[in-house]
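Below is one structure; the comments refer to it alone.
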Amino acid sequence: LAKTTQPISMDSYEGQEVNITCSHNNIATNDYITWYQQFPSQGPRFIIQGYKTKVTNEVASLFIPADRKSSTLSLPRVSLSDTAVYYCLVGDGGSQGNLIFGKGTKLSVKP
Amino acid sequence: GAVVSQHPSWVICKSGTSVKIECRSLDFQATTMFWYRQFPKQSLMLMATSNEGSKATYEQGVEKDKFLINHASLTLSTLTVTSAHPEDSSFYICSARDDSHEQFFGPGTRLTVL
């Protein structure tokens, strides 16, 4: 399973766009990239998933370069409620399918 | 999205007792369920993978006789922490995978062993 590296923490202010980059140099051909959000004492919540190029949904965008060795989660116009830990995971969801969590990025949004 | 529930949401027990945590997929059938443990200010650590009707696969360092996992149906998996000790106090999270291989997480169970 590909190992991921993310910044330990990031600070932002309300209304700003936040970009969190994740490195996954040994990503396999069949691997997808998935981002989760976790609030204290809650289970992780799915944000977005992608394989290559760009994916956008109602809460975030995911940018994946051609070599797929990194990915960037983009949160537009963050609010205080976006303060959480964000995890980048890489896996093929196949017969193994288990997701291995890295340390995540603690995002703190300030007023 | 699909919903996964856990029961109880929190539990306090005495040292030496056993505690059972339930994980249910409410609106889909989960052939595979996963159990994670999370200590304060740390990431989730995978404990075991359980497939319906078969024995669970435990990660290295996780005692299978201490953390009993049963996955008797496609919507229910249970984790029993046997002879719990204070060091077992943690946040236990389950997840369930559907046919599309998406993984959905439960809300977690806070276990405190006195």
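Naming scheme: A, B, ... for chains in displayed order of the structure tokens; residues 1 onward per chain; ligands 1 onward as shown.
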Compute the chain B side of the contact with chain A at 6 Å, counting only C-alpha atoms, and hand it back as an mmCIF file with all heavy atoms, in the first residue's frame.
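Just written: out28.cif:
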```
data_model
loop_
_atom_site.group_PDB
_atom_site.id
_atom_site.type_symbol
_atom_site.label_atom_id
_atom_site.label_comp_id
_atom_site.auth_asym_id
_atom_site.auth_seq_id
_atom_site.Cartn_x
_atom_site.Cartn_y
_atom_site.Cartn_z
ATOM 1 N N SER B 43 -3.442 9.165 14.634
ATOM 2 C CA SER B 43 -4.238 8.760 13.485
ATOM 3 C C SER B 43 -4.954 7.441 13.768
ATOM 4 O O SER B 43 -4.735 6.799 14.798
ATOM 5 C CB SER B 43 -3.325 8.616 12.271
ATOM 6 O OG SER B 43 -4.082 8.316 11.124
ATOM 7 N N LEU B 44 -5.808 7.055 12.854
ATOM 8 C CA LEU B 44 -6.492 5.769 12.990
ATOM 9 C C LEU B 44 -5.511 4.641 12.674
ATOM 10 O O LEU B 44 -4.738 4.726 11.719
ATOM 11 C CB LEU B 44 -7.665 5.670 12.008
ATOM 12 C CG LEU B 44 -8.931 6.449 12.327
ATOM 13 C CD1 LEU B 44 -8.766 7.923 12.006
ATOM 14 C CD2 LEU B 44 -10.119 5.859 11.581
ATOM 15 N N HIS B 101 -16.790 -0.969 -3.440
ATOM 16 C CA HIS B 101 -15.507 -0.825 -2.754
ATOM 17 C C HIS B 101 -15.343 0.520 -2.061
ATOM 18 O O HIS B 101 -14.255 0.853 -1.629
ATOM 19 C CB HIS B 101 -14.339 -1.079 -3.698
ATOM 20 C CG HIS B 101 -14.349 -2.438 -4.310
ATOM 21 N ND1 HIS B 101 -14.335 -3.585 -3.561
ATOM 22 C CD2 HIS B 101 -14.413 -2.838 -5.601
ATOM 23 C CE1 HIS B 101 -14.376 -4.642 -4.367
ATOM 24 N NE2 HIS B 101 -14.426 -4.212 -5.604
ATOM 25 N N PHE B 105 -17.520 5.011 7.178
ATOM 26 C CA PHE B 105 -17.098 4.895 8.567
ATOM 27 C C PHE B 105 -18.239 5.129 9.539
ATOM 28 O O PHE B 105 -19.134 5.933 9.283
ATOM 29 C CB PHE B 105 -15.976 5.894 8.866
ATOM 30 C CG PHE B 105 -14.665 5.505 8.240
ATOM 31 C CD1 PHE B 105 -14.394 5.802 6.917
ATOM 32 C CD2 PHE B 105 -13.711 4.817 8.976
ATOM 33 C CE1 PHE B 105 -13.198 5.428 6.330
ATOM 34 C CE2 PHE B 105 -12.511 4.438 8.401
ATOM 35 C CZ PHE B 105 -12.257 4.742 7.077
ATOM 36 N N GLY B 106 -18.165 4.414 10.664
ATOM 37 C CA GLY B 106 -19.106 4.647 11.739
ATOM 38 C C GLY B 106 -18.688 5.850 12.562
ATOM 39 O O GLY B 106 -17.610 6.403 12.367
ATOM 40 N N PRO B 107 -19.528 6.246 13.504
ATOM 41 C CA PRO B 107 -19.262 7.440 14.319
ATOM 42 C C PRO B 107 -18.251 7.206 15.428
ATOM 43 O O PRO B 107 -17.806 8.156 16.065
ATOM 44 C CB PRO B 107 -20.631 7.777 14.887
ATOM 45 C CG PRO B 107 -21.329 6.464 14.952
ATOM 46 C CD PRO B 107 -20.853 5.683 13.780
ATOM 47 N N GLY B 108 -17.890 5.941 15.666
ATOM 48 C CA GLY B 108 -16.900 5.656 16.693
ATOM 49 C C GLY B 108 -17.514 5.333 18.047
ATOM 50 O O GLY B 108 -18.647 5.717 18.345
#
```
For A:Tyr13: contacts at 9 Å, only C-alpha atoms, fewer than 6 positions along chain excluded, given as a ChimeraX atom specification: /A:77-80,108-111
Strand (DSSP E or B) residues, from DSSP on the backbone, in stretch 11-76 of chain A, as an MDAnalysis selection string: chainID A and resid 11:13 18:23 32:38 45:50 53:56 61:64 70:75
Quick one: residues within 9 Å of B:Thr75, only C-alpha atoms, excluding same-chain residues fewer than 3 positions away - as a short mmCIF file (atom, residue, chain, number, x, y, z; two decimals) with C-alpha atoms, in the first residue's frame?
```cif
data_model
loop_
_atom_site.label_atom_id
_atom_site.label_comp_id
_atom_site.auth_asym_id
_atom_site.auth_seq_id
_atom_site.Cartn_x
_atom_site.Cartn_y
_atom_site.Cartn_z
CA CYS B 23 -21.05 -2.04 13.96
CA ARG B 24 -24.00 -2.05 11.58
CA SER B 25 -24.40 -1.07 7.95
CA LEU B 26 -27.89 0.37 7.89
CA ASP B 27 -28.78 0.60 4.23
CA PHE B 28 -26.37 -1.67 2.41
CA GLN B 29 -24.79 -5.06 2.71
CA ALA B 30 -21.17 -5.06 3.75
CA THR B 31 -19.15 -8.09 2.81
CA GLU B 52 -18.78 -12.06 6.51
CA HIS B 71 -19.03 -10.86 11.35
CA ALA B 72 -22.04 -13.12 11.35
CA ALA B 96 -17.94 -1.06 6.08
#
```
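Straight-line separation from atom CA of B:Ala84 to atom CA of B:Ala56: 19.8 Å.
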For atom CA of B:Ser95 and atom CA of B:Thr32, the interatomic separation in Å (one decimal):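 Rounded to one decimal, the two atoms are 8.6 Å apart.
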For A:Leu75, the nearest of the candidates A:Ile20, A:Ile27, A:Cys88, A:Ile8, counting only C-alpha atoms: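 For A:Leu75, the nearest of the given residues is A:Ile20.
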Nearby residues (only C-alpha atoms) at most 6 Å from B:Phe34, same-chain spacing under 6 positions excluded, as a VMD selection string: chain B and resid 48 to 49 94 to 95
Write the residues of the selection above to a file with C-alpha atoms, as a short mmCIF file (atom, residue, chain, number, x, y, z; two decimals), in the first residue's frame.
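Result file selection.cif:
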```cif
data_model
loop_
_atom_site.label_atom_id
_atom_site.label_comp_id
_atom_site.auth_asym_id
_atom_site.auth_seq_id
_atom_site.Cartn_x
_atom_site.Cartn_y
_atom_site.Cartn_z
CA ALA B 48 -8.43 -6.06 11.70
CA THR B 49 -10.39 -6.82 8.56
CA CYS B 94 -15.51 0.60 12.32
CA SER B 95 -15.99 0.95 8.60
#
```
Between atom CA of B:Thr109 and atom CA of B:Glu63 - distance in Å to one decimal: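 Value for the atom CA of B:Glu63-atom CA of B:Thr109 distance: 19.3 Å.
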Residue contacts of B:Gly16 (8 Å, only C-alpha atoms) excluding same-chain residues fewer than 5 positions away, as an MDAnalysis selection string: chainID B and resid 82:85
Written selection (N, CA, C and O atoms) as a tab-separated table (two decimals), in the first residue's frame:
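Once everything was written out, this is result_39.tsv:
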```
chain	number	residue	atom	x	y	z
B	82	THR	N	-11.79	-8.22	25.32
B	82	THR	CA	-11.86	-9.13	26.47
B	82	THR	C	-10.85	-8.71	27.53
B	82	THR	O	-9.76	-8.21	27.22
B	83	SER	N	-11.25	-8.90	28.78
B	83	SER	CA	-10.39	-8.55	29.91
B	83	SER	C	-9.73	-7.18	29.69
B	83	SER	O	-8.50	-7.06	29.63
B	84	ALA	N	-10.58	-6.20	29.55
B	84	ALA	CA	-10.08	-4.86	29.22
B	84	ALA	C	-9.23	-4.28	30.34
B	84	ALA	O	-9.48	-4.49	31.52
B	85	HIS	N	-8.22	-3.53	29.94
B	85	HIS	CA	-7.35	-2.83	30.88
B	85	HIS	C	-7.28	-1.36	30.49
B	85	HIS	O	-7.63	-0.99	29.37
```
Distance criterion (only C-alpha atoms): nearest to B:Val4 out of B:Lys20, B:Ser77, B:Pro86, B:Glu59: B:Ser77
